[in-house]
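A.B. asks: My structure file structure_11.cif, mmCIF, C-alpha atoms, is below:
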```
data_entry
#
loop_
_atom_site.group_PDB
_atom_site.id
_atom_site.type_symbol
_atom_site.label_atom_id
_atom_site.label_comp_id
_atom_site.auth_asym_id
_atom_site.auth_seq_id
_atom_site.Cartn_x
_atom_site.Cartn_y
_atom_site.Cartn_z
ATOM 1 C CA MET R 1 -44.287 -10.722 33.382
ATOM 2 C CA PHE R 2 -47.968 -10.934 34.302
ATOM 3 C CA GLY R 3 -47.839 -14.715 34.672
ATOM 4 C CA LYS R 4 -45.069 -14.294 37.236
ATOM 5 C CA LYS R 5 -47.166 -11.728 39.116
ATOM 6 C CA VAL R 6 -50.153 -14.108 39.228
ATOM 7 C CA LEU R 7 -47.911 -16.921 40.479
ATOM 8 C CA LEU R 8 -46.497 -14.570 43.124
ATOM 9 C CA TRP R 9 -50.018 -13.528 44.113
ATOM 10 C CA PHE R 10 -51.159 -17.141 44.494
ATOM 11 C CA SER R 11 -48.053 -17.816 46.608
ATOM 12 C CA SER R 12 -49.026 -14.856 48.765
ATOM 13 C CA VAL R 13 -52.557 -16.245 49.073
ATOM 14 C CA LEU R 14 -51.235 -19.594 50.297
ATOM 15 C CA LEU R 15 -48.981 -17.874 52.828
ATOM 16 C CA LEU R 16 -51.757 -15.608 54.052
ATOM 17 C CA LEU R 17 -54.159 -18.555 54.342
ATOM 18 C CA SER R 18 -51.717 -20.183 56.719
ATOM 19 C CA ILE R 19 -51.378 -16.977 58.723
ATOM 20 C CA THR R 20 -55.145 -16.456 58.701
ATOM 21 C CA MET R 21 -55.711 -19.933 60.074
ATOM 22 C CA ILE R 22 -53.143 -19.379 62.845
ATOM 23 C CA THR R 23 -54.211 -15.858 63.838
ATOM 24 C CA GLY R 24 -57.907 -16.614 63.383
ATOM 25 C CA CYS R 25 -57.816 -19.013 66.295
ATOM 26 C CA LYS R 26 -57.093 -16.353 68.902
ATOM 27 C CA LYS R 27 -59.253 -13.509 70.090
ATOM 28 C CA ASP R 28 -57.803 -10.152 69.024
ATOM 29 C CA ASP R 29 -59.799 -6.955 68.872
ATOM 30 C CA ASN R 30 -57.287 -5.550 66.354
ATOM 31 C CA ASN R 31 -58.153 -8.278 63.852
ATOM 32 C CA PRO R 32 -59.767 -6.610 60.816
ATOM 33 C CA THR R 33 -63.038 -8.502 60.571
ATOM 34 C CA GLY R 34 -65.888 -6.673 58.956
ATOM 35 C CA PRO R 35 -69.174 -7.727 57.501
ATOM 36 C CA GLY R 36 -68.773 -10.756 55.301
ATOM 37 C CA GLY R 37 -65.047 -11.179 55.533
ATOM 38 C CA GLY R 38 -61.917 -11.942 57.418
ATOM 39 C CA GLY R 39 -62.687 -14.920 59.558
ATOM 40 C CA GLY R 40 -65.373 -16.576 57.488
ATOM 41 C CA GLY R 41 -67.435 -16.831 54.372
ATOM 42 C CA GLY R 42 -69.877 -13.975 54.930
ATOM 43 C CA ASN R 43 -72.031 -13.398 51.854
ATOM 44 C CA ASN R 44 -69.826 -15.486 49.566
ATOM 45 C CA ALA R 45 -71.594 -17.861 47.199
ATOM 46 C CA ILE R 46 -69.379 -19.015 44.321
ATOM 47 C CA THR R 47 -70.473 -21.777 41.920
ATOM 48 C CA ILE R 48 -68.555 -23.501 39.120
ATOM 49 C CA ASN R 49 -69.815 -25.651 36.234
ATOM 50 C CA GLY R 50 -67.854 -27.519 33.583
ATOM 51 C CA ALA R 51 -64.441 -29.235 33.387
ATOM 52 C CA GLY R 52 -65.780 -32.067 35.550
ATOM 53 C CA PHE R 53 -67.755 -29.863 37.967
ATOM 54 C CA SER R 54 -71.533 -29.742 38.056
ATOM 55 C CA ASN R 55 -73.085 -26.873 40.005
ATOM 56 C CA ALA R 56 -70.294 -27.116 42.612
ATOM 57 C CA GLY R 57 -70.574 -24.562 45.400
ATOM 58 C CA MET R 58 -67.577 -23.178 47.243
ATOM 59 C CA THR R 59 -67.465 -23.349 51.031
ATOM 60 C CA VAL R 60 -65.565 -20.172 51.969
ATOM 61 C CA VAL R 61 -63.672 -20.216 55.278
ATOM 62 C CA ALA R 62 -61.631 -17.008 54.930
ATOM 63 C CA SER R 63 -61.686 -13.920 52.744
ATOM 64 C CA TYR R 64 -59.767 -10.678 52.464
ATOM 65 C CA SER R 65 -59.181 -7.940 49.928
ATOM 66 C CA ALA R 66 -56.814 -5.068 49.237
ATOM 67 C CA PHE R 67 -56.311 -2.227 46.791
ATOM 68 C CA VAL R 68 -52.924 -2.297 45.027
ATOM 69 C CA THR R 69 -51.971 1.317 44.388
ATOM 70 C CA THR R 70 -49.330 0.877 41.671
ATOM 71 C CA GLU R 71 -51.544 -1.480 39.672
ATOM 72 C CA ASN R 72 -54.797 0.443 40.327
ATOM 73 C CA LEU R 73 -56.409 -2.951 40.955
ATOM 74 C CA THR R 74 -58.417 -4.417 43.797
ATOM 75 C CA TYR R 75 -57.929 -8.073 44.665
ATOM 76 C CA VAL R 76 -60.502 -10.141 46.555
ATOM 77 C CA ASN R 77 -59.213 -13.481 47.845
ATOM 78 C CA LEU R 78 -61.575 -16.266 48.859
ATOM 79 C CA MET R 79 -60.193 -19.389 50.501
ATOM 80 C CA GLY R 80 -62.137 -22.569 51.167
ATOM 81 C CA SER R 81 -63.117 -25.725 49.314
ATOM 82 C CA PHE R 82 -65.160 -27.288 46.539
ATOM 83 C CA THR R 83 -66.147 -30.742 47.855
ATOM 84 C CA SER R 84 -62.872 -32.356 49.017
ATOM 85 C CA ASP R 85 -60.489 -29.962 47.232
ATOM 86 C CA THR R 86 -58.920 -26.880 48.792
ATOM 87 C CA ALA R 87 -59.835 -23.849 46.705
ATOM 88 C CA PHE R 88 -58.616 -20.312 46.152
ATOM 89 C CA VAL R 89 -60.593 -17.838 44.077
ATOM 90 C CA VAL R 90 -58.974 -14.486 43.350
ATOM 91 C CA VAL R 91 -61.112 -11.748 41.811
ATOM 92 C CA ALA R 92 -59.204 -8.794 40.350
ATOM 93 C CA PHE R 93 -60.857 -5.628 39.083
ATOM 94 C CA PRO R 94 -59.709 -2.126 38.148
ATOM 95 C CA GLY R 95 -60.152 0.730 40.579
ATOM 96 C CA GLN R 96 -62.638 0.551 43.377
ATOM 97 C CA ASN R 97 -66.184 0.539 42.008
ATOM 98 C CA GLY R 98 -68.553 -0.129 39.115
ATOM 99 C CA THR R 99 -68.835 -2.959 36.612
ATOM 100 C CA SER R 100 -65.776 -4.123 34.708
ATOM 101 C CA THR R 101 -65.277 -6.531 31.845
ATOM 102 C CA TRP R 102 -62.520 -9.092 32.338
ATOM 103 C CA ASP R 103 -59.502 -8.536 30.118
ATOM 104 C CA GLY R 104 -58.125 -12.059 30.636
ATOM 105 C CA LEU R 105 -54.750 -10.708 31.737
ATOM 106 C CA SER R 106 -54.918 -8.566 34.852
ATOM 107 C CA THR R 107 -58.643 -8.569 35.620
ATOM 108 C CA GLY R 108 -61.140 -11.374 36.104
ATOM 109 C CA ALA R 109 -61.483 -14.409 38.331
ATOM 110 C CA TYR R 110 -58.723 -16.939 38.910
ATOM 111 C CA LEU R 111 -59.222 -20.396 40.414
ATOM 112 C CA VAL R 112 -56.758 -22.812 42.024
ATOM 113 C CA LEU R 113 -57.870 -26.200 43.362
ATOM 114 C CA TYR R 114 -55.738 -28.879 44.909
ATOM 115 C CA GLY R 115 -56.474 -31.882 47.025
ATOM 116 C CA THR R 116 -57.668 -35.431 46.740
ATOM 117 C CA SER R 117 -59.011 -35.288 43.183
ATOM 118 C CA ARG R 118 -56.408 -33.187 41.299
ATOM 119 C CA PHE R 119 -54.452 -29.983 40.956
ATOM 120 C CA PHE R 120 -56.405 -27.530 38.841
ATOM 121 C CA THR R 121 -55.828 -23.918 37.794
ATOM 122 C CA ALA R 122 -58.101 -21.761 35.669
ATOM 123 C CA MET R 123 -57.633 -18.268 34.241
ATOM 124 C CA PRO R 124 -60.251 -15.741 33.114
ATOM 125 C CA ASN R 125 -61.553 -15.961 29.560
ATOM 126 C CA SER R 126 -64.528 -13.597 29.541
ATOM 127 C CA GLY R 127 -66.908 -12.169 32.096
ATOM 128 C CA THR R 128 -67.787 -9.263 34.350
ATOM 129 C CA THR R 129 -67.226 -8.159 37.922
ATOM 130 C CA THR R 130 -69.761 -5.831 39.537
ATOM 131 C CA VAL R 131 -68.749 -4.053 42.738
ATOM 132 C CA THR R 132 -71.718 -3.278 45.001
ATOM 133 C CA SER R 133 -69.856 -2.067 48.105
ATOM 134 C CA TYR R 134 -66.348 -0.778 48.725
ATOM 135 C CA GLY R 135 -65.760 0.060 52.346
ATOM 136 C CA ALA R 136 -62.889 1.619 54.216
ATOM 137 C CA VAL R 137 -60.041 -0.504 55.578
ATOM 138 C CA GLY R 138 -61.501 -3.001 58.043
ATOM 139 C CA THR R 139 -64.919 -3.114 56.379
ATOM 140 C CA ALA R 140 -66.211 -5.096 53.407
ATOM 141 C CA ILE R 141 -65.687 -5.015 49.666
ATOM 142 C CA GLY R 142 -68.556 -6.847 47.995
ATOM 143 C CA GLY R 143 -69.962 -7.645 44.593
ATOM 144 C CA SER R 144 -70.574 -10.379 42.057
ATOM 145 C CA ILE R 145 -68.830 -12.234 39.239
ATOM 146 C CA ASN R 146 -70.151 -14.006 36.184
ATOM 147 C CA GLY R 147 -67.925 -15.446 33.495
ATOM 148 C CA THR R 148 -65.975 -18.229 31.848
ATOM 149 C CA LEU R 149 -62.567 -19.548 32.861
ATOM 150 C CA TYR R 150 -60.255 -21.904 31.002
ATOM 151 C CA ASP R 151 -57.835 -24.400 32.507
ATOM 152 C CA THR R 152 -54.401 -25.529 31.386
ATOM 153 C CA GLN R 153 -55.986 -28.342 29.341
ATOM 154 C CA GLY R 154 -58.116 -25.857 27.390
ATOM 155 C CA ASP R 155 -61.366 -26.872 29.087
ATOM 156 C CA SER R 156 -63.739 -24.089 29.999
ATOM 157 C CA LEU R 157 -65.925 -23.710 33.041
ATOM 158 C CA LYS R 158 -68.489 -21.196 34.197
ATOM 159 C CA ILE R 159 -68.001 -19.312 37.444
ATOM 160 C CA SER R 160 -70.584 -17.087 39.081
ATOM 161 C CA GLY R 161 -71.652 -15.793 42.438
ATOM 162 C CA ASN R 162 -71.276 -13.152 45.112
ATOM 163 C CA PHE R 163 -68.247 -12.155 47.140
ATOM 164 C CA SER R 164 -67.649 -10.159 50.289
ATOM 165 C CA ALA R 165 -64.266 -9.750 51.959
ATOM 166 C CA THR R 166 -62.688 -7.579 54.608
ATOM 167 C CA ARG R 167 -60.532 -4.827 53.163
ATOM 168 C CA LEU R 168 -56.940 -4.852 54.382
ATOM 169 C CA PRO R 169 -54.674 -1.787 54.136
ATOM 170 C CA ASP R 170 -53.705 -0.716 50.622
ATOM 171 C CA GLN R 171 -50.649 -2.462 49.181
ATOM 172 C CA ASP R 172 -47.899 -0.790 47.154
ATOM 173 C CA SER R 173 -47.512 -3.624 44.658
ATOM 174 C CA ILE R 174 -48.117 -7.287 44.068
ATOM 175 C CA GLY R 175 -45.230 -9.221 45.557
ATOM 176 C CA GLY R 176 -44.358 -6.442 47.992
ATOM 177 C CA PRO R 177 -44.626 -6.539 51.750
ATOM 178 C CA ILE R 178 -48.062 -7.446 53.068
ATOM 179 C CA LYS R 179 -49.135 -6.089 56.460
ATOM 180 C CA LEU R 180 -51.584 -8.113 58.500
ATOM 181 C CA ASN R 181 -52.278 -7.504 62.184
ATOM 182 C CA ASN R 182 -49.086 -5.426 62.591
ATOM 183 C CA LEU R 183 -47.068 -8.279 61.059
ATOM 184 C CA GLN R 184 -45.178 -7.503 57.863
ATOM 185 C CA ILE R 185 -44.541 -10.352 55.425
ATOM 186 C CA ARG R 186 -42.263 -10.079 52.408
ATOM 187 C CA THR R 187 -43.570 -12.118 49.479
ATOM 188 C CA PHE R 188 -41.341 -13.435 46.722
#
```
For this file, produce the structure as structure tokens.

C.D. replies:
Amino acid sequence: MFGKKVLLWFSSVLLLLSITMITGCKKDDNNPTGPGGGGGGGNNAITINGAGFSNAGMTVVASYSAFVTTENLTYVNLMGSFTSDTAFVVVAFPGQNGTSTWDGLSTGAYLVLYGTSRFFTAMPNSGTTTVTSYGAVGTAIGGSINGTLYDTQGDSLKISGNFSATRLPDQDSIGGPIKLNNLQIRTF
């Protein structure tokens, strides 16, 4: 069940990246851009090591976050690239503040890369997420991650860094309707 939810969430991320790129090109005062999020990378500095990567830094071009009420989880989504590969990093943590230990199922950091070199997914193995700021809708959620991920081949890699993303309105559930700039999108 959880694997399906993660797949649905990544599908939602891909859809929202497309929408973000389209809506980010026009000036709109209703666009929820706060410190460190929404239209750009802000204070994001994510690095991965291992599984063929050596001190690779992520260039973040868009970020957003939301609290999912039924799951009692906050998701932070970072979209950008590592070298020539498109990258998505999703950080999930319980509640809205403090330091949490990754459980490897519903909390932790998730990584998807695709592009010229390969398709690559990695799930959390062990680590922590520390939340340093949790603003109201339209402002930033920020913090740091430090941990180990494993890919589908069993290779492990280290991920660490800081994140900051604009908080979107709370969501009822993963896979439910997502509201962005008065546009409602039904995810699968």

A.B. asks: Using the chain letters and numbers from the file, which residues does the PyMOL selection byres ((chain R and resi 100) around 8) grab, as a list in words?

C.D. replies: Phe93, Pro94, Gly98, Thr99, Thr101, Trp102, Thr128, Thr129 and Thr130 of chain R

A.B. asks: Would you compute the distance between CA of Val131 (chain R) and CA of Ile48 (chain R)? Give it in Å to one decimal.

C.D. replies: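 Interatomic distance here is 19.8 Å.
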
A.B. asks: Tell me, in Å to one decimal, how far CA of Gly138 (chain R) is from CA of Gly108 (chain R).

C.D. replies: 23.5 Å

A.B. asks: For CA of Tyr64 (chain R) and CA of Gln153 (chain R), determine how far apart the two atoms are, in Å to one decimal place.

C.D. replies: 29.3 Å

A.B. asks: Contacts of Tyr114 (chain R) at 9 Å or less, counting all atoms listed in the file, minus same-chain residues fewer than 6 places along, as an MDAnalysis selection string?

C.D. replies: chainID R and resid 84:87 120:121

A.B. asks: Of the candidates R:Asn44, R:Asn97, R:Ser54, R:Thr116, which shows the shortest atom-to-atom distance to Met79 (chain R), using all atoms listed in the file?

C.D. replies: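 Of all the options, R:Asn44 lies closest to Met79 (chain R).
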
A.B. asks: Show me, as a PyMOL selection string, the residues that have an atom within 12 Å of Phe53 (chain R) when counting all atoms listed in the file, minus same-chain residues fewer than 3 positions from it.

C.D. replies: chain R and resi 47-50+56-58+82-83+85+113+117+120+155-159

A.B. asks: I need the residue set behind the PyMOL selection byres ((chain R and resi 147) around 8) for this file; please write it as a PDB file with C-alpha atoms, in the coordinates of the input.

C.D. replies:
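As a result, selection_30.pdb now contains:
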```pdb
ATOM      1  CA  PRO R 124     -60.251 -15.741  33.114  1.00  0.00           C
ATOM      2  CA  ASN R 125     -61.553 -15.961  29.560  1.00  0.00           C
ATOM      3  CA  SER R 126     -64.528 -13.597  29.541  1.00  0.00           C
ATOM      4  CA  GLY R 127     -66.908 -12.169  32.096  1.00  0.00           C
ATOM      5  CA  THR R 128     -67.787  -9.263  34.350  1.00  0.00           C
ATOM      6  CA  ILE R 145     -68.830 -12.234  39.239  1.00  0.00           C
ATOM      7  CA  ASN R 146     -70.151 -14.006  36.184  1.00  0.00           C
ATOM      8  CA  THR R 148     -65.975 -18.229  31.848  1.00  0.00           C
ATOM      9  CA  LEU R 149     -62.567 -19.548  32.861  1.00  0.00           C
ATOM     10  CA  LYS R 158     -68.489 -21.196  34.197  1.00  0.00           C
ATOM     11  CA  ILE R 159     -68.001 -19.312  37.444  1.00  0.00           C
ATOM     12  CA  SER R 160     -70.584 -17.087  39.081  1.00  0.00           C
TER      13      SER R 160
END
```

A.B. asks: Out of R:Ala122, R:Leu78, R:Ile46, R:Val61, which residue has the shortest atom-to-atom distance to Thr152 (chain R) when counting only C-alpha atoms?

C.D. replies: R:Ala122

A.B. asks: Complete region 56-67 of chain R at the level of all heavy atoms, written as a compact mmCIF listing (two decimals), in the coordinates of the input.

C.D. replies:
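Wrote it out as selection-v5.txt, contents follow:
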```
# COMPACT_ATOMS: atom_id res chain seq x y z
N ALA R 56 -71.07 -26.97 41.38
CA ALA R 56 -70.29 -27.12 42.61
C ALA R 56 -70.21 -25.77 43.33
O ALA R 56 -69.80 -24.77 42.75
CB ALA R 56 -68.89 -27.63 42.31
N GLY R 57 -70.61 -25.77 44.59
CA GLY R 57 -70.57 -24.56 45.40
C GLY R 57 -69.34 -24.53 46.28
O GLY R 57 -68.90 -25.55 46.80
N MET R 58 -68.78 -23.35 46.43
CA MET R 58 -67.58 -23.18 47.24
C MET R 58 -67.96 -22.90 48.69
O MET R 58 -68.79 -22.04 48.96
CB MET R 58 -66.73 -22.03 46.71
CG MET R 58 -65.45 -21.80 47.46
SD MET R 58 -64.49 -20.46 46.71
CE MET R 58 -62.99 -20.52 47.69
N THR R 59 -67.35 -23.63 49.61
CA THR R 59 -67.46 -23.35 51.03
C THR R 59 -66.31 -22.42 51.39
O THR R 59 -65.15 -22.84 51.36
CB THR R 59 -67.39 -24.63 51.87
OG1 THR R 59 -68.44 -25.51 51.45
CG2 THR R 59 -67.51 -24.33 53.35
N VAL R 60 -66.60 -21.16 51.69
CA VAL R 60 -65.56 -20.17 51.97
C VAL R 60 -65.31 -20.13 53.47
O VAL R 60 -66.24 -19.98 54.26
CB VAL R 60 -65.97 -18.78 51.45
CG1 VAL R 60 -64.93 -17.73 51.81
CG2 VAL R 60 -66.20 -18.82 49.94
N VAL R 61 -64.03 -20.26 53.86
CA VAL R 61 -63.67 -20.22 55.28
C VAL R 61 -62.91 -18.94 55.65
O VAL R 61 -62.84 -18.60 56.82
CB VAL R 61 -62.85 -21.45 55.71
CG1 VAL R 61 -63.68 -22.72 55.57
CG2 VAL R 61 -61.56 -21.55 54.93
N ALA R 62 -62.35 -18.26 54.67
CA ALA R 62 -61.63 -17.01 54.93
C ALA R 62 -61.66 -16.15 53.68
O ALA R 62 -61.69 -16.67 52.56
CB ALA R 62 -60.20 -17.28 55.34
N SER R 63 -61.69 -14.84 53.88
CA SER R 63 -61.69 -13.92 52.74
C SER R 63 -61.04 -12.61 53.17
O SER R 63 -61.17 -12.19 54.31
CB SER R 63 -63.11 -13.69 52.25
OG SER R 63 -63.93 -13.16 53.28
N TYR R 64 -60.33 -12.00 52.24
CA TYR R 64 -59.77 -10.68 52.46
C TYR R 64 -59.58 -10.00 51.13
O TYR R 64 -59.66 -10.63 50.07
CB TYR R 64 -58.44 -10.75 53.25
CG TYR R 64 -57.32 -11.39 52.48
CD1 TYR R 64 -56.46 -10.61 51.71
CD2 TYR R 64 -57.10 -12.75 52.52
CE1 TYR R 64 -55.43 -11.19 50.99
CE2 TYR R 64 -56.07 -13.33 51.81
CZ TYR R 64 -55.23 -12.54 51.04
OH TYR R 64 -54.22 -13.11 50.33
N SER R 65 -59.35 -8.70 51.16
CA SER R 65 -59.18 -7.94 49.93
C SER R 65 -58.24 -6.78 50.18
O SER R 65 -58.02 -6.39 51.33
CB SER R 65 -60.54 -7.43 49.43
OG SER R 65 -61.13 -6.62 50.43
N ALA R 66 -57.70 -6.22 49.12
CA ALA R 66 -56.81 -5.07 49.24
C ALA R 66 -56.76 -4.34 47.91
O ALA R 66 -56.91 -4.95 46.84
CB ALA R 66 -55.41 -5.48 49.66
N PHE R 67 -56.54 -3.05 47.97
CA PHE R 67 -56.31 -2.23 46.79
C PHE R 67 -54.81 -2.12 46.59
O PHE R 67 -54.06 -1.85 47.53
CB PHE R 67 -56.92 -0.83 46.98
CG PHE R 67 -56.71 0.08 45.81
CD1 PHE R 67 -57.35 -0.15 44.61
CD2 PHE R 67 -55.85 1.16 45.91
CE1 PHE R 67 -57.16 0.68 43.52
CE2 PHE R 67 -55.65 2.00 44.83
CZ PHE R 67 -56.30 1.76 43.63
```
